[in-house]
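Remarks on the structure that follows.
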Amino acid sequence: MLCLGAMHRGLMMAEPRDFYENFAALLRGADRDAMAGHLENQNHMPRFAIHQSNFRVTVTKAMQGIYKAVMRLVGEEYFTGLMAEFLKETPPVSSSLTHYGAAFPGFLKTFAPVQKDLPWLSPVARLDWAWFCAYGAANTVALGASDLQGVAPELLPARAPGLHGSCTLLRFSVPAYSIWRTNIEDDDVQQIALEKGREWALVWRQDMQIRHTALNRAQYVFLDAIGGGRSLAQSWTDARINDPQFDLSKEFAHWLNAGVFQGEQHD
Amino acid sequence: MTHQNTLPACAGLGLKPQHYRDALAADGDGLWFEVHPENYMVAGGPRLAWLDAIAEKFPLSLHGVGLSLGGPERPDPDHLARLKVLVERYQPASVSEHVAWSRLGGTYFADLLPPPPTRKTLLALAEHIAQTQDYLGRQILVENPALYLSLQGDISMVELYVEAARMAGAGLLFDLNNIYVCAQNLGGSTAEWLDAVPGDAVGEVHLAGFTRQDNANDTVLIDSHGAPISDAVWDLYARFIAAAGPKPTLIERDENIPDFDVLMGEVAQANAVLGRHAQGADDG
């Protein structure tokens, strides 16, 4: 049976679901016309721009807090433009922006204008993201010298400690670590020649301190093998392919002291 | 429902990372801090460590911006789960959210968007508040929205706010800057809100500053939290506290953030208003 009352009301006022769908479409870039039927005062139409701006600005500010070196390298205006494109492609899915932005380095790698003119930007962004991940990583215990006191030296090489959860290992075909480091640490940014070539880096957190360092290729291979679950002996073998002089005792002591190995967790 | 709001009826301050050291060293009697839980939804690290230390010393309020209670979809289970982790970690004195929406079809729009003021929205909003309270195992407060758009509906926005909280058994967080902004932007009056909001149900008051945006033929007050609290809002505050009695009161500042001491000046100003009426209550 046709209910005239409901039909009349339906004509007077759009259904709430349409309201949300039309509003969301507007925030994604659709024009405002579809929202006219939801407004009591048509003079307020231009005010939808406030909400369109809030969405863009809030996300952009959150990303500026994460991608600090990228922001310094390209400047606020260009960064805002990049974010407008990124937001169209990858809008946030989580209501906490602390998890947003992982896809930004990948976006920069494929976004044509950046790819052509700023090939080092995506690698730098990967370092910004690694810093951010280390900052919020779980407070798990790193392996310490005291954990190994009872371990017979001959049994040590068979151990496979794994890397601490805050660690990100990175390798680059451009000197991205040098570019990133000077942009986050120096008041006067150093000139980095792209001819400097390949670089490897590690970013991690030791207690509450975010740390980062350049690696040589053998160190990268060694730590990458450890991170993949290989034993110290196996990882050493992998590293010596790149550097026959790779000193396991020295490297192990160095990285143990730096807190990059995963410790045994006790509740 | 257990875990009612236990904030002291004093002034507190929105906690910003640049003020962590000052906050930890502060010694205000009755001082408390409020944070957006969304900024602390991380596994570990310095940010949580700072909040641990500050929450050890001061009462804490978790004021959410991401549950989208005013939307057509039920609160995101993943977001609720992350919120519950923080509620269990800190056992905060207060947990609150907004009468607003921010999610649809898996996208988070990072804004407090206005819901349509309809009976259908009212039922959904009350249901979403109740679902949140059931999941967290405690009462929450819900905050009235700052509005820029006059939306069609079959009830008023104040009715949506008060009724949804009542139906769900929630408390009210009453933002006086928001009612000022609404009245100026939509041509209504603050009295419409002050008269309709039951003082007994208000568990917390918010005070903040707005920014004036002048467009071609239109001036809009933006709830920016980017300026000192206006004289008009201080007046509303004095009137509300005189009528409702002392309430936990938050000084909110999220943009153009000044030194900690400047914000503590606004905390002291709010405490002076609260003190006058606590005194009045004692005398009476």
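Labeling convention for the structure tokens: chains A, B, ... as they appear, residues from 1 per chain, ligands from 1 in order of appearance.
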Can you pull out every residue within 10 Å of A:Trp120, counting only C-alpha atoms, but drop anything in the same chain fewer than 6 positions away, and send it as a short mmCIF file (atom, residue, chain, number, x, y, z; two decimals) with N, CA and C atoms, in the first residue's frame?
data_model
loop_
_atom_site.label_atom_id
_atom_site.label_comp_id
_atom_site.auth_asym_id
_atom_site.auth_seq_id
_atom_site.Cartn_x
_atom_site.Cartn_y
_atom_site.Cartn_z
N VAL A 70 61.08 14.84 3.99
CA VAL A 70 60.42 15.10 2.71
C VAL A 70 59.87 16.52 2.70
N LEU A 108 55.15 8.04 -3.91
CA LEU A 108 56.18 8.94 -4.46
C LEU A 108 57.02 8.23 -5.54
N LYS A 109 57.15 6.93 -5.40
CA LYS A 109 57.95 6.16 -6.36
C LYS A 109 57.26 6.09 -7.72
N VAL A 114 57.30 13.30 -9.59
CA VAL A 114 58.34 13.06 -8.60
C VAL A 114 59.37 12.09 -9.16
N PHE A 172 69.49 1.54 -0.67
CA PHE A 172 69.11 2.55 -1.66
C PHE A 172 70.08 2.54 -2.84
N SER A 173 69.56 2.87 -4.01
CA SER A 173 70.45 3.01 -5.18
C SER A 173 70.95 4.44 -5.31
N VAL A 174 70.46 5.32 -4.44
CA VAL A 174 70.91 6.73 -4.39
C VAL A 174 71.36 7.00 -2.94
N PRO A 175 72.10 8.09 -2.70
CA PRO A 175 72.57 8.36 -1.32
C PRO A 175 71.46 8.92 -0.43
N ALA A 176 70.39 8.16 -0.28
CA ALA A 176 69.20 8.65 0.42
C ALA A 176 69.48 8.87 1.91
N TYR A 177 70.31 8.00 2.49
CA TYR A 177 70.56 8.17 3.93
C TYR A 177 71.28 9.49 4.19
N ILE A 179 71.20 12.20 2.38
CA ILE A 179 70.24 13.30 2.14
C ILE A 179 69.30 13.44 3.34
N TRP A 180 68.79 12.30 3.80
CA TRP A 180 67.83 12.30 4.92
C TRP A 180 68.48 12.82 6.19
N LEU A 194 74.60 13.15 -5.94
CA LEU A 194 73.93 11.89 -6.25
C LEU A 194 74.94 10.82 -6.70
#
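Distance criterion 7 Å to chain A, applied with only C-alpha atoms, yields B:Glu38, B:Asn39, B:Met41, B:Val42, B:Ala43, B:Gly44, B:Gly45, B:Pro46, B:Gly66, B:Pro72, B:His79, B:Gly106, B:Thr107, B:Tyr108, B:Phe109, B:Ala110, B:Asp111, B:Pro116, B:Tyr148, B:Leu149, B:Ser150, B:Leu151, B:Gln152 on chain B.
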Restricting the output to N, CA, C and O atoms, write the selected residues as a PDB file, in the first residue's frame.
ATOM      1  N   GLU B  38      43.354   8.838  19.995  1.00  0.00           N
ATOM      2  CA  GLU B  38      43.835   8.486  18.647  1.00  0.00           C
ATOM      3  C   GLU B  38      45.331   8.764  18.492  1.00  0.00           C
ATOM      4  O   GLU B  38      45.997   8.118  17.698  1.00  0.00           O
ATOM      5  N   ASN B  39      45.844   9.750  19.244  1.00  0.00           N
ATOM      6  CA  ASN B  39      47.266  10.087  19.135  1.00  0.00           C
ATOM      7  C   ASN B  39      48.154   9.129  19.923  1.00  0.00           C
ATOM      8  O   ASN B  39      49.377   9.221  19.866  1.00  0.00           O
ATOM      9  N   MET B  41      47.469   5.654  20.003  1.00  0.00           N
ATOM     10  CA  MET B  41      47.184   4.287  19.553  1.00  0.00           C
ATOM     11  C   MET B  41      48.415   3.705  18.864  1.00  0.00           C
ATOM     12  O   MET B  41      48.424   3.430  17.668  1.00  0.00           O
ATOM     13  N   VAL B  42      49.482   3.582  19.640  1.00  0.00           N
ATOM     14  CA  VAL B  42      50.746   3.024  19.161  1.00  0.00           C
ATOM     15  C   VAL B  42      51.144   1.912  20.137  1.00  0.00           C
ATOM     16  O   VAL B  42      50.624   1.835  21.252  1.00  0.00           O
ATOM     17  N   ALA B  43      52.076   1.066  19.691  1.00  0.00           N
ATOM     18  CA  ALA B  43      52.437  -0.089  20.509  1.00  0.00           C
ATOM     19  C   ALA B  43      53.298   0.278  21.711  1.00  0.00           C
ATOM     20  O   ALA B  43      53.218  -0.360  22.762  1.00  0.00           O
ATOM     21  N   GLY B  44      54.142   1.306  21.557  1.00  0.00           N
ATOM     22  CA  GLY B  44      55.044   1.679  22.645  1.00  0.00           C
ATOM     23  C   GLY B  44      55.777   2.959  22.299  1.00  0.00           C
ATOM     24  O   GLY B  44      55.344   3.721  21.437  1.00  0.00           O
ATOM     25  N   GLY B  45      56.887   3.183  22.992  1.00  0.00           N
ATOM     26  CA  GLY B  45      57.733   4.333  22.661  1.00  0.00           C
ATOM     27  C   GLY B  45      57.514   5.540  23.548  1.00  0.00           C
ATOM     28  O   GLY B  45      56.731   5.515  24.494  1.00  0.00           O
ATOM     29  N   PRO B  46      58.216   6.645  23.216  1.00  0.00           N
ATOM     30  CA  PRO B  46      58.262   7.827  24.082  1.00  0.00           C
ATOM     31  C   PRO B  46      56.894   8.465  24.358  1.00  0.00           C
ATOM     32  O   PRO B  46      56.636   8.934  25.459  1.00  0.00           O
ATOM     33  N   GLY B  66      37.427   9.822  16.866  1.00  0.00           N
ATOM     34  CA  GLY B  66      37.351   8.924  15.712  1.00  0.00           C
ATOM     35  C   GLY B  66      36.261   7.874  15.725  1.00  0.00           C
ATOM     36  O   GLY B  66      36.200   7.047  14.811  1.00  0.00           O
ATOM     37  N   PRO B  72      26.063   6.557  10.037  1.00  0.00           N
ATOM     38  CA  PRO B  72      25.071   5.507   9.840  1.00  0.00           C
ATOM     39  C   PRO B  72      25.604   4.110  10.152  1.00  0.00           C
ATOM     40  O   PRO B  72      24.827   3.159  10.225  1.00  0.00           O
ATOM     41  N   HIS B  79      38.711   0.197  15.896  1.00  0.00           N
ATOM     42  CA  HIS B  79      38.965   1.439  16.636  1.00  0.00           C
ATOM     43  C   HIS B  79      38.548   1.296  18.097  1.00  0.00           C
ATOM     44  O   HIS B  79      39.251   1.743  19.003  1.00  0.00           O
ATOM     45  N   GLY B 106      34.423   2.570   5.030  1.00  0.00           N
ATOM     46  CA  GLY B 106      35.840   2.246   5.187  1.00  0.00           C
ATOM     47  C   GLY B 106      36.790   3.425   5.017  1.00  0.00           C
ATOM     48  O   GLY B 106      38.001   3.237   5.101  1.00  0.00           O
ATOM     49  N   THR B 107      36.271   4.623   4.792  1.00  0.00           N
ATOM     50  CA  THR B 107      37.142   5.799   4.707  1.00  0.00           C
ATOM     51  C   THR B 107      36.959   6.650   5.965  1.00  0.00           C
ATOM     52  O   THR B 107      35.836   6.866   6.425  1.00  0.00           O
ATOM     53  N   TYR B 108      38.090   7.133   6.493  1.00  0.00           N
ATOM     54  CA  TYR B 108      38.065   8.044   7.639  1.00  0.00           C
ATOM     55  C   TYR B 108      38.297   9.466   7.121  1.00  0.00           C
ATOM     56  O   TYR B 108      39.317   9.730   6.483  1.00  0.00           O
ATOM     57  N   PHE B 109      37.362  10.371   7.381  1.00  0.00           N
ATOM     58  CA  PHE B 109      37.427  11.714   6.809  1.00  0.00           C
ATOM     59  C   PHE B 109      38.105  12.757   7.712  1.00  0.00           C
ATOM     60  O   PHE B 109      38.111  13.944   7.386  1.00  0.00           O
ATOM     61  N   ALA B 110      38.658  12.317   8.848  1.00  0.00           N
ATOM     62  CA  ALA B 110      39.507  13.165   9.697  1.00  0.00           C
ATOM     63  C   ALA B 110      38.895  14.531  10.015  1.00  0.00           C
ATOM     64  O   ALA B 110      39.574  15.550   9.996  1.00  0.00           O
ATOM     65  N   ASP B 111      37.606  14.538  10.295  1.00  0.00           N
ATOM     66  CA  ASP B 111      36.925  15.783  10.650  1.00  0.00           C
ATOM     67  C   ASP B 111      35.742  15.406  11.537  1.00  0.00           C
ATOM     68  O   ASP B 111      35.349  14.234  11.579  1.00  0.00           O
ATOM     69  N   PRO B 116      22.820  14.646  10.326  1.00  0.00           N
ATOM     70  CA  PRO B 116      21.528  15.296  10.076  1.00  0.00           C
ATOM     71  C   PRO B 116      20.654  15.176  11.331  1.00  0.00           C
ATOM     72  O   PRO B 116      20.556  14.086  11.908  1.00  0.00           O
ATOM     73  N   TYR B 148      28.547  24.594  11.127  1.00  0.00           N
ATOM     74  CA  TYR B 148      28.701  25.645  10.105  1.00  0.00           C
ATOM     75  C   TYR B 148      27.543  25.625   9.111  1.00  0.00           C
ATOM     76  O   TYR B 148      27.390  26.531   8.316  1.00  0.00           O
ATOM     77  N   LEU B 149      26.775  24.510   9.132  1.00  0.00           N
ATOM     78  CA  LEU B 149      25.731  24.288   8.124  1.00  0.00           C
ATOM     79  C   LEU B 149      24.373  24.128   8.799  1.00  0.00           C
ATOM     80  O   LEU B 149      24.257  23.391   9.781  1.00  0.00           O
ATOM     81  N   SER B 150      23.385  24.789   8.239  1.00  0.00           N
ATOM     82  CA  SER B 150      22.016  24.620   8.710  1.00  0.00           C
ATOM     83  C   SER B 150      21.436  23.412   7.972  1.00  0.00           C
ATOM     84  O   SER B 150      21.140  23.510   6.779  1.00  0.00           O
ATOM     85  N   LEU B 151      21.301  22.292   8.662  1.00  0.00           N
ATOM     86  CA  LEU B 151      20.887  21.051   7.984  1.00  0.00           C
ATOM     87  C   LEU B 151      19.415  20.774   8.186  1.00  0.00           C
ATOM     88  O   LEU B 151      18.850  21.067   9.243  1.00  0.00           O
ATOM     89  N   GLN B 152      18.814  20.163   7.176  1.00  0.00           N
ATOM     90  CA  GLN B 152      17.409  19.773   7.306  1.00  0.00           C
ATOM     91  C   GLN B 152      17.269  18.627   8.290  1.00  0.00           C
ATOM     92  O   GLN B 152      18.132  17.756   8.368  1.00  0.00           O
TER      93      GLN B 152
END
Rounded to one decimal, what separation in Å do you get between atom CA of A:Phe86 and atom CA of B:Val220? 29.2 Å
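With only C-alpha atoms as the basis for measurement, B:Gly153 is the residue among B:Gly153, B:Gly187, B:Gly171, B:Gly105 that approaches B:Lys120 most closely.
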Considering only C-alpha atoms, can you say which of B:Val95, B:Ala227, B:Leu122, B:Ala26 comes closest to B:Leu173?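 For B:Leu173, the nearest of the candidates is B:Val95.
Proximity to stretch 239-249 of chain B at 8 Å, evaluated using only C-alpha atoms and with sequence-adjacent residues fewer than 3 positions away removed, yields B:Leu7, B:Pro8, B:Ala9, B:Cys10, B:Ala11, B:Gly12, B:Leu194, B:Gly199, B:Asp200, B:Val202, B:Gly203, B:Glu204, B:Val205, B:His206, B:Leu207, B:Asp235, B:Leu236, B:Ala270, B:Val273, B:Leu274, B:Gly275, B:His277, B:Ala278, B:Ala281.
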Let's see if you can do this: from backbone DSSP, list all strand (DSSP E or B) residues in stretch 214-283 of chain B, as a short mmCIF file (atom, residue, chain, number, x, y, z; two decimals) with N, CA, C and O atoms, in the first residue's frame.
data_model
loop_
_atom_site.label_atom_id
_atom_site.label_comp_id
_atom_site.auth_asym_id
_atom_site.auth_seq_id
_atom_site.Cartn_x
_atom_site.Cartn_y
_atom_site.Cartn_z
N ASP B 214 36.30 35.39 7.20
CA ASP B 214 35.47 36.31 6.40
C ASP B 214 35.52 35.90 4.94
O ASP B 214 36.58 35.96 4.31
N ASN B 215 34.39 35.47 4.41
CA ASN B 215 34.29 35.13 2.99
C ASN B 215 33.52 36.26 2.29
O ASN B 215 33.17 37.25 2.92
N ASP B 218 29.84 36.36 3.67
CA ASP B 218 29.54 35.44 4.76
C ASP B 218 30.70 35.46 5.76
O ASP B 218 31.86 35.36 5.36
N THR B 219 30.36 35.58 7.02
CA THR B 219 31.38 35.43 8.07
C THR B 219 31.06 34.18 8.86
O THR B 219 29.93 33.98 9.28
N VAL B 220 32.07 33.34 9.03
CA VAL B 220 31.87 32.08 9.76
C VAL B 220 32.87 32.03 10.91
O VAL B 220 34.04 32.40 10.74
N LEU B 221 32.41 31.58 12.07
CA LEU B 221 33.33 31.34 13.18
C LEU B 221 33.74 29.88 13.13
O LEU B 221 32.90 28.98 13.16
N ILE B 222 35.04 29.66 13.05
CA ILE B 222 35.57 28.30 12.95
C ILE B 222 36.02 27.85 14.33
O ILE B 222 36.76 28.57 15.02
N THR B 249 36.35 21.36 33.96
CA THR B 249 36.36 22.29 32.82
C THR B 249 37.69 22.20 32.08
O THR B 249 38.74 22.38 32.70
N LEU B 250 37.62 21.94 30.80
CA LEU B 250 38.85 21.79 30.02
C LEU B 250 39.16 23.04 29.21
O LEU B 250 38.31 23.58 28.52
N ILE B 251 40.42 23.48 29.30
CA ILE B 251 40.94 24.51 28.41
C ILE B 251 41.55 23.78 27.21
O ILE B 251 42.50 23.01 27.37
#
Contacts of A:Leu163 at 12 Å or less, counting only C-alpha atoms, minus same-chain residues fewer than 4 places along, as a PyMOL selection string? chain A and resi 140-143+167-169+202-205+222-232+255-256+258-264
When you draw a straight line from atom CA of B:Glu127 to atom CA of B:Val197, how long is it in Å? 20.3 Å
Out of stretch 22-71 of chain B, which residues get helix (DSSP H, G or I) from DSSP, as a VMD selection string? chain B and resid 22 to 25 37 to 40 46 to 57
What's the separation between atom CA of A:Glu89 and atom CA of A:Thr110, in Å to one decimal place?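 So the answer is 11.8 Å.
Proximity of B:Glu56, B:Ser230, B:Gly28, B:Trp50 to B:Ala268, computed with only C-alpha atoms, is greatest for B:Gly28.
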